[in-house]
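The structure file query.csv is reproduced below (CSV, C-alpha atoms).
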chain,number,residue,atom,x,y,z
A,1,MET,CA,-10.3,-31.5,-6.1
A,2,SER,CA,-9.1,-29.3,-3.3
A,3,GLU,CA,-10.6,-29.4,0.1
A,4,ALA,CA,-11.9,-25.8,-0.3
A,5,SER,CA,-13.8,-26.6,-3.5
A,6,SER,CA,-15.5,-29.7,-1.8
A,7,THR,CA,-17.0,-27.7,1.0
A,8,PRO,CA,-19.9,-25.2,0.9
A,9,PRO,CA,-18.8,-21.7,-0.1
A,10,GLN,CA,-18.3,-19.1,2.7
A,11,SER,CA,-19.5,-15.5,2.6
A,12,SER,CA,-16.9,-12.8,2.1
A,13,TRP,CA,-17.6,-11.5,5.6
A,14,ALA,CA,-16.8,-15.0,7.0
A,15,LEU,CA,-13.6,-14.9,5.0
A,16,LEU,CA,-12.7,-11.5,6.4
A,17,ALA,CA,-12.7,-13.0,9.9
A,18,GLY,CA,-10.9,-16.1,8.7
A,19,ILE,CA,-8.0,-14.2,7.2
A,20,VAL,CA,-7.0,-13.5,10.8
A,21,ASP,CA,-7.4,-16.9,12.5
A,22,ARG,CA,-7.5,-19.3,9.6
A,23,PRO,CA,-5.4,-17.7,6.8
A,24,SER,CA,-4.4,-20.8,5.0
A,25,ALA,CA,-8.0,-22.2,4.8
A,26,THR,CA,-9.3,-18.8,3.9
A,27,LEU,CA,-6.9,-18.2,1.1
A,28,ALA,CA,-7.5,-21.7,-0.2
A,29,GLU,CA,-11.2,-20.9,-0.3
A,30,ILE,CA,-10.6,-17.7,-2.2
A,31,THR,CA,-8.3,-19.2,-4.8
A,32,ALA,CA,-10.7,-22.2,-5.3
A,33,ARG,CA,-13.7,-19.8,-5.7
A,34,PRO,CA,-12.3,-16.5,-6.9
A,35,ARG,CA,-15.4,-15.1,-8.5
A,36,TRP,CA,-16.1,-11.6,-7.1
A,37,ARG,CA,-14.0,-12.4,-4.0
A,38,TRP,CA,-12.0,-9.3,-4.5
A,39,VAL,CA,-14.9,-6.9,-4.1
A,40,LEU,CA,-15.0,-6.7,-0.3
A,41,PRO,CA,-11.2,-6.2,0.4
A,42,VAL,CA,-10.9,-3.7,-2.5
A,43,THR,CA,-13.9,-1.8,-1.2
A,44,LEU,CA,-12.5,-1.7,2.3
A,45,ALA,CA,-9.1,-0.5,1.0
A,46,ILE,CA,-10.7,2.3,-1.1
A,47,LEU,CA,-12.8,3.4,1.9
A,48,ALA,CA,-9.7,3.5,4.1
A,49,THR,CA,-7.8,5.5,1.5
A,50,ILE,CA,-10.6,8.0,1.2
A,51,ALA,CA,-10.9,8.3,5.0
A,52,SER,CA,-7.2,8.8,5.3
A,53,ALA,CA,-7.2,11.5,2.6
A,54,VAL,CA,-10.1,13.4,4.3
A,55,VAL,CA,-8.5,13.3,7.8
A,56,THR,CA,-5.0,14.2,6.7
A,57,SER,CA,-5.8,16.8,4.0
A,58,PRO,CA,-5.6,19.8,6.3
A,59,PHE,CA,-2.2,18.8,7.5
A,60,LEU,CA,-1.0,17.9,4.0
A,61,ALA,CA,-2.3,21.3,2.8
A,62,VAL,CA,-0.1,23.1,5.3
A,63,GLU,CA,2.9,21.1,4.1
A,64,ALA,CA,2.0,22.0,0.5
A,65,LYS,CA,1.9,25.7,1.3
A,66,LEU,CA,5.3,25.5,3.0
A,67,GLN,CA,6.8,23.6,0.1
A,68,MET,CA,5.3,26.1,-2.4
A,69,ALA,CA,6.6,29.0,-0.4
A,70,ALA,CA,10.1,27.5,-0.4
A,71,VAL,CA,9.9,27.2,-4.2
A,72,LEU,CA,8.6,30.7,-4.7
A,73,ASN,CA,11.3,32.2,-2.4
A,74,ARG,CA,13.9,30.9,-4.8
A,75,MET,CA,12.2,32.3,-8.0
A,76,PRO,CA,13.3,35.6,-9.5
A,77,ALA,CA,10.9,38.5,-9.0
A,78,GLU,CA,9.9,38.7,-12.7
A,79,GLN,CA,9.0,35.0,-12.7
A,80,LEU,CA,7.1,35.4,-9.4
A,81,ALA,CA,5.0,38.2,-10.9
A,82,GLN,CA,3.9,35.9,-13.7
A,83,MET,CA,2.7,33.2,-11.4
A,84,PRO,CA,-1.1,32.9,-11.7
A,85,LYS,CA,-3.1,33.6,-8.5
A,86,GLN,CA,-5.0,30.4,-9.1
A,87,MET,CA,-2.0,28.5,-7.8
A,88,ALA,CA,-3.4,29.0,-4.3
A,89,MET,CA,-6.2,26.6,-5.2
A,90,PHE,CA,-3.6,23.7,-5.3
A,91,GLU,CA,-2.8,24.3,-1.7
A,92,THR,CA,-6.4,24.0,-0.3
A,93,PRO,CA,-7.4,21.0,1.8
A,94,LEU,CA,-10.1,20.1,-0.7
A,95,PHE,CA,-7.7,19.9,-3.6
A,96,VAL,CA,-5.0,18.2,-1.6
A,97,GLY,CA,-7.4,15.7,-0.2
A,98,ALA,CA,-9.1,14.9,-3.5
A,99,SER,CA,-5.6,14.5,-5.1
A,100,ALA,CA,-4.5,12.2,-2.3
A,101,ALA,CA,-7.6,10.1,-2.6
A,102,LEU,CA,-7.5,9.7,-6.3
A,103,THR,CA,-3.8,9.0,-6.5
A,104,GLY,CA,-4.1,6.6,-3.6
A,105,ILE,CA,-6.9,4.6,-5.2
A,106,LEU,CA,-5.0,4.5,-8.5
A,107,ALA,CA,-1.8,3.3,-6.8
A,108,LEU,CA,-3.8,0.7,-4.9
A,109,LEU,CA,-5.4,-0.8,-8.0
A,110,ILE,CA,-2.1,-0.8,-9.9
A,111,GLY,CA,-0.3,-2.3,-6.9
A,112,TYR,CA,-2.7,-5.2,-6.8
A,113,LEU,CA,-2.1,-6.1,-10.4
A,114,LEU,CA,1.7,-5.7,-10.0
A,115,GLN,CA,1.7,-7.8,-6.8
A,116,ALA,CA,-0.3,-10.5,-8.5
A,117,ALA,CA,2.0,-10.5,-11.5
A,118,VAL,CA,5.1,-10.9,-9.4
A,119,LEU,CA,3.6,-13.7,-7.4
A,120,TYR,CA,2.3,-15.4,-10.6
A,121,PHE,CA,5.7,-15.4,-12.4
A,122,GLY,CA,7.5,-16.2,-9.2
A,123,SER,CA,5.3,-19.2,-8.8
A,124,LEU,CA,5.9,-20.4,-12.3
A,125,ILE,CA,9.6,-20.1,-11.9
A,126,ALA,CA,9.4,-22.1,-8.6
A,127,GLY,CA,7.4,-24.8,-10.3
A,128,GLY,CA,3.9,-23.9,-9.2
A,129,GLU,CA,0.8,-23.6,-11.3
A,130,ILE,CA,-2.2,-21.3,-10.8
A,131,ASP,CA,-4.4,-19.1,-13.0
A,132,PHE,CA,-3.5,-15.5,-12.9
A,133,GLY,CA,-7.1,-14.5,-12.2
A,134,ARG,CA,-7.1,-16.5,-9.0
A,135,LEU,CA,-4.1,-14.6,-7.8
A,136,VAL,CA,-5.6,-11.3,-8.7
A,137,ALA,CA,-8.7,-12.2,-6.6
A,138,ALA,CA,-6.5,-13.2,-3.7
A,139,THR,CA,-4.0,-10.3,-3.8
A,140,PRO,CA,-6.4,-7.8,-2.1
A,141,TRP,CA,-6.9,-10.2,0.7
A,142,ILE,CA,-3.2,-10.4,1.6
A,143,GLY,CA,-3.2,-6.6,1.4
A,144,LEU,CA,-5.7,-6.3,4.3
A,145,PRO,CA,-3.0,-5.7,6.9
A,146,PHE,CA,-2.2,-2.4,5.0
A,147,VAL,CA,-5.9,-1.5,5.2
A,148,LEU,CA,-5.8,-2.0,9.0
A,149,GLU,CA,-2.6,0.0,9.1
A,150,SER,CA,-4.2,2.9,7.2
A,151,VAL,CA,-7.2,2.8,9.6
A,152,VAL,CA,-4.9,2.9,12.7
A,153,GLN,CA,-2.9,5.8,11.3
A,154,THR,CA,-6.0,7.7,10.3
A,155,VAL,CA,-7.3,7.3,13.9
A,156,TYR,CA,-4.0,8.5,15.2
A,157,VAL,CA,-4.0,11.6,13.0
A,158,ALA,CA,-7.6,12.4,14.0
A,159,VAL,CA,-6.9,12.0,17.8
A,160,LYS,CA,-3.4,13.5,18.0
A,161,GLY,CA,-3.9,16.2,15.4
A,162,ARG,CA,-0.6,15.6,13.6
A,163,LEU,CA,0.7,13.4,10.8
A,164,VAL,CA,2.5,10.1,11.4
A,165,VAL,CA,6.1,11.1,10.8
A,166,ASN,CA,8.3,8.0,11.1
A,167,GLN,CA,6.9,4.6,10.1
A,168,GLY,CA,8.5,1.3,11.1
A,169,LEU,CA,12.1,1.6,12.0
A,170,SER,CA,12.7,4.7,9.9
A,171,TYR,CA,13.2,6.8,13.0
A,172,LEU,CA,16.6,5.2,13.4
A,173,VAL,CA,17.9,7.2,10.3
A,174,SER,CA,15.5,10.1,10.4
A,175,THR,CA,17.1,13.6,10.0
A,176,GLY,CA,14.1,15.4,11.3
A,177,SER,CA,13.4,17.0,7.9
A,178,ARG,CA,10.5,15.4,6.0
A,179,THR,CA,11.9,16.7,2.7
A,180,ALA,CA,15.3,15.1,3.3
A,181,ASP,CA,13.8,11.9,4.7
A,182,ALA,CA,11.5,11.5,1.7
A,183,GLY,CA,14.6,11.1,-0.5
A,184,SER,CA,16.6,8.9,1.8
A,185,LEU,CA,16.9,5.3,0.7
A,186,PRO,CA,17.6,3.8,4.1
A,187,TYR,CA,14.7,5.8,5.5
A,188,ALA,CA,12.4,4.4,2.9
A,189,ALA,CA,13.5,0.8,3.4
A,190,LEU,CA,13.4,0.9,7.2
A,191,GLY,CA,10.0,2.6,7.0
A,192,MET,CA,8.6,-0.7,5.6
A,193,LEU,CA,9.6,-2.8,8.6
A,194,THR,CA,6.3,-2.7,10.4
A,195,LEU,CA,4.2,-5.5,12.0
A,196,PHE,CA,1.6,-4.9,9.3
A,197,TRP,CA,4.2,-5.6,6.5
A,198,LEU,CA,5.4,-8.7,8.2
A,199,TRP,CA,1.8,-9.9,8.5
A,200,HIS,CA,1.4,-9.2,4.8
A,201,LEU,CA,4.5,-11.3,4.0
A,202,LEU,CA,3.2,-14.1,6.2
A,203,LEU,CA,-0.1,-14.1,4.2
A,204,THR,CA,1.9,-14.0,1.0
A,205,PHE,CA,3.8,-17.1,2.0
A,206,LYS,CA,0.6,-18.9,3.0
A,207,LEU,CA,-1.1,-17.9,-0.3
A,208,LEU,CA,1.9,-19.4,-2.3
A,209,ARG,CA,1.5,-22.6,-0.3
A,210,VAL,CA,-2.3,-23.1,-0.9
A,211,GLY,CA,-2.6,-21.3,-4.3
A,212,PRO,CA,0.2,-22.5,-6.6
A,213,ARG,CA,0.8,-25.3,-4.0
A,214,LEU,CA,4.5,-24.5,-3.7
A,215,GLY,CA,6.7,-26.4,-1.2
A,216,GLY,CA,7.8,-24.6,2.0
A,217,GLY,CA,11.2,-23.8,0.7
A,218,ALA,CA,10.0,-22.6,-2.7
A,219,ALA,CA,7.2,-20.5,-1.2
A,220,PHE,CA,9.8,-18.9,1.2
A,221,PHE,CA,12.1,-18.1,-1.7
A,222,VAL,CA,9.3,-16.4,-3.7
A,223,THR,CA,8.2,-14.5,-0.7
A,224,LEU,CA,11.8,-13.2,-0.1
A,225,LEU,CA,12.0,-12.3,-3.8
A,226,TYR,CA,8.7,-10.4,-3.5
A,227,ALA,CA,9.8,-8.6,-0.3
A,228,ALA,CA,13.1,-7.6,-2.0
A,229,LEU,CA,11.3,-6.2,-5.0
A,230,SER,CA,8.9,-4.3,-2.7
A,231,VAL,CA,11.8,-2.7,-0.9
A,232,GLY,CA,13.5,-1.9,-4.2
A,233,VAL,CA,10.4,-0.2,-5.5
A,234,ARG,CA,10.1,1.9,-2.3
A,235,ALA,CA,13.7,2.8,-2.5
A,236,GLY,CA,13.3,3.7,-6.2
A,237,PHE,CA,10.5,6.2,-5.4
A,238,ALA,CA,12.7,7.7,-2.7
A,239,ALA,CA,15.5,8.2,-5.3
A,240,LEU,CA,13.1,9.8,-7.7
A,241,SER,CA,11.9,12.1,-4.8
A,242,ARG,CA,15.5,13.1,-4.1
A,243,MET,CA,16.2,13.9,-7.7
A,244,ALA,CA,13.0,15.9,-8.0
A,245,SER,CA,13.5,17.9,-4.8
A,246,PRO,CA,15.0,21.3,-5.4
A,247,PRO,CA,18.3,22.0,-3.6
A,248,MET,CA,17.9,23.6,-0.2
Would you write the structure of this file as structure tokens?
Amino acid sequence: MSEASSTPPQSSWALLAGIVDRPSATLAEITARPRWRWVLPVTLAILATIASAVVTSPFLAVEAKLQMAAVLNRMPAEQLAQMPKQMAMFETPLFVGASAALTGILALLIGYLLQAAVLYFGSLIAGGEIDFGRLVAATPWIGLPFVLESVVQTVYVAVKGRLVVNQGLSYLVSTGSRTADAGSLPYAALGMLTLFWLWHLLLTFKLLRVGPRLGGGAAFFVTLLYAALSVGVRAGFAALSRMASPPM
């Protein structure tokens, strides 16, 4: 019997504080008693996503109008005349914000499942053993650094009145064009190098130690594999963005 399962259960709010100063003990508690433990971090993540969409929607709507104008300027006059006037609806802050919130929440939930799957199979390969459901319950907790990052960026946008342009170390390779940078593989990879991402990787390592009970070397290897896959996925989206972007 694990130490966590032999102690009285803690509230989710207590675990929220513990993920900062006692991450190993907190994650051990979550994996030992996973029932409904995912509710609080998922709720916080969804609320942060909605808040971000609401605050950034006016600025995203302006960018959507500029991108639409660039596309329309390259269209022949006869095709332009056939464009429905209702297209303007897709450039409104309400539509842009609602779309950002819905896609963000969907990506969030799918991301949790994919992260849990990678850690689960990585743990099995490394010789660990844990129920998939326990990892699913713990995955939103190791994603809390990204929730805090979203809150910080939302506050920044609200105070400064402009979007966050370059995240992490992406400014080192930024061209100054958001369209060009969106399709840049180095820009996407360097944009992940933030203190929040490093904190997330540290929590991932600790989860692998107390959940599947991997040794230090095995947990470090699976964490590196997980980090490499994360960078690869981000770079893949950047490549798709580059292929989908119309030539300038």
I need the residue nearest A:Phe220 from this list: A:Leu119, A:Ile30, A:Val136, A:Leu66. Use all atoms listed in the file for the distance.
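Closest to A:Phe220 of all the choices is A:Leu119.
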Which residues are near A:Val155? Cut-off 12 Å, only C-alpha atoms, ignore same chain within fewer than 2 positions. Put them as a PyMOL selection string.
chain A and resi 48+51-52+54-56+148-153+157-164
Atom pair atom CA of A:Gly97 / atom CA of A:Gly168: separation (Å):
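It comes out at 24.2 Å.
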Counting only C-alpha atoms, figure out which residue out of A:Gly122, A:Gly191, A:Pro34, A:Pro140 gets nearest to A:Val165.
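Answer, going by the shortest atom-to-atom distance: A:Gly191.
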Protein/DNA/RNA residues near (-17.0, -15.1, 2.7), cut 10 Å, only C-alpha atoms, as a VMD selection string
chain A and resid 9 to 18 26 29 to 30 37 40
Convert the current residue selection to file output with C-alpha atoms, as a tab-separated table (two decimals), in the frame of the given file.
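Wrote it out as part_2.tsv, contents follow:
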chain	number	residue	atom	x	y	z
A	9	PRO	CA	-18.80	-21.70	-0.10
A	10	GLN	CA	-18.30	-19.10	2.70
A	11	SER	CA	-19.50	-15.50	2.60
A	12	SER	CA	-16.90	-12.80	2.10
A	13	TRP	CA	-17.60	-11.50	5.60
A	14	ALA	CA	-16.80	-15.00	7.00
A	15	LEU	CA	-13.60	-14.90	5.00
A	16	LEU	CA	-12.70	-11.50	6.40
A	17	ALA	CA	-12.70	-13.00	9.90
A	18	GLY	CA	-10.90	-16.10	8.70
A	26	THR	CA	-9.30	-18.80	3.90
A	29	GLU	CA	-11.20	-20.90	-0.30
A	30	ILE	CA	-10.60	-17.70	-2.20
A	37	ARG	CA	-14.00	-12.40	-4.00
A	40	LEU	CA	-15.00	-6.70	-0.30
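Nearest residue to A:Ala235 among A:Met192, A:Leu214, A:Ala116, A:Leu202 is A:Met192, counting all atoms listed in the file.
Of the listed residues A:Val173, A:Leu47, A:Val42, A:Ala238, the one whose atoms come nearest to A:Leu144 is A:Val42, with distances taken using all atoms listed in the file.
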In terms of all atoms listed in the file, the residue from A:Ser57, A:Tyr187, A:Leu208, A:Ile130 at minimal distance from A:Leu224 is A:Leu208
With all atoms listed in the file as the basis for distance, which of A:Val210, A:Ala182, A:Val39, A:Leu108 is at the shortest distance from A:Gly143?
A:Leu108
Quick one, how far is atom CA of A:Ala61 from atom CA of A:Ser174?
22.4 Å
What gap, in Å, lies between atom CA of A:Ile105 and atom CA of A:Thr49?
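Result for atom CA of A:Ile105 versus atom CA of A:Thr49: 6.8 Å, one decimal.
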Answer as a PyMOL selection string, residues within 6 Å of (-3.8, -13.3, 6.6) using only C-alpha atoms:
chain A and resi 19-20+23+142+203
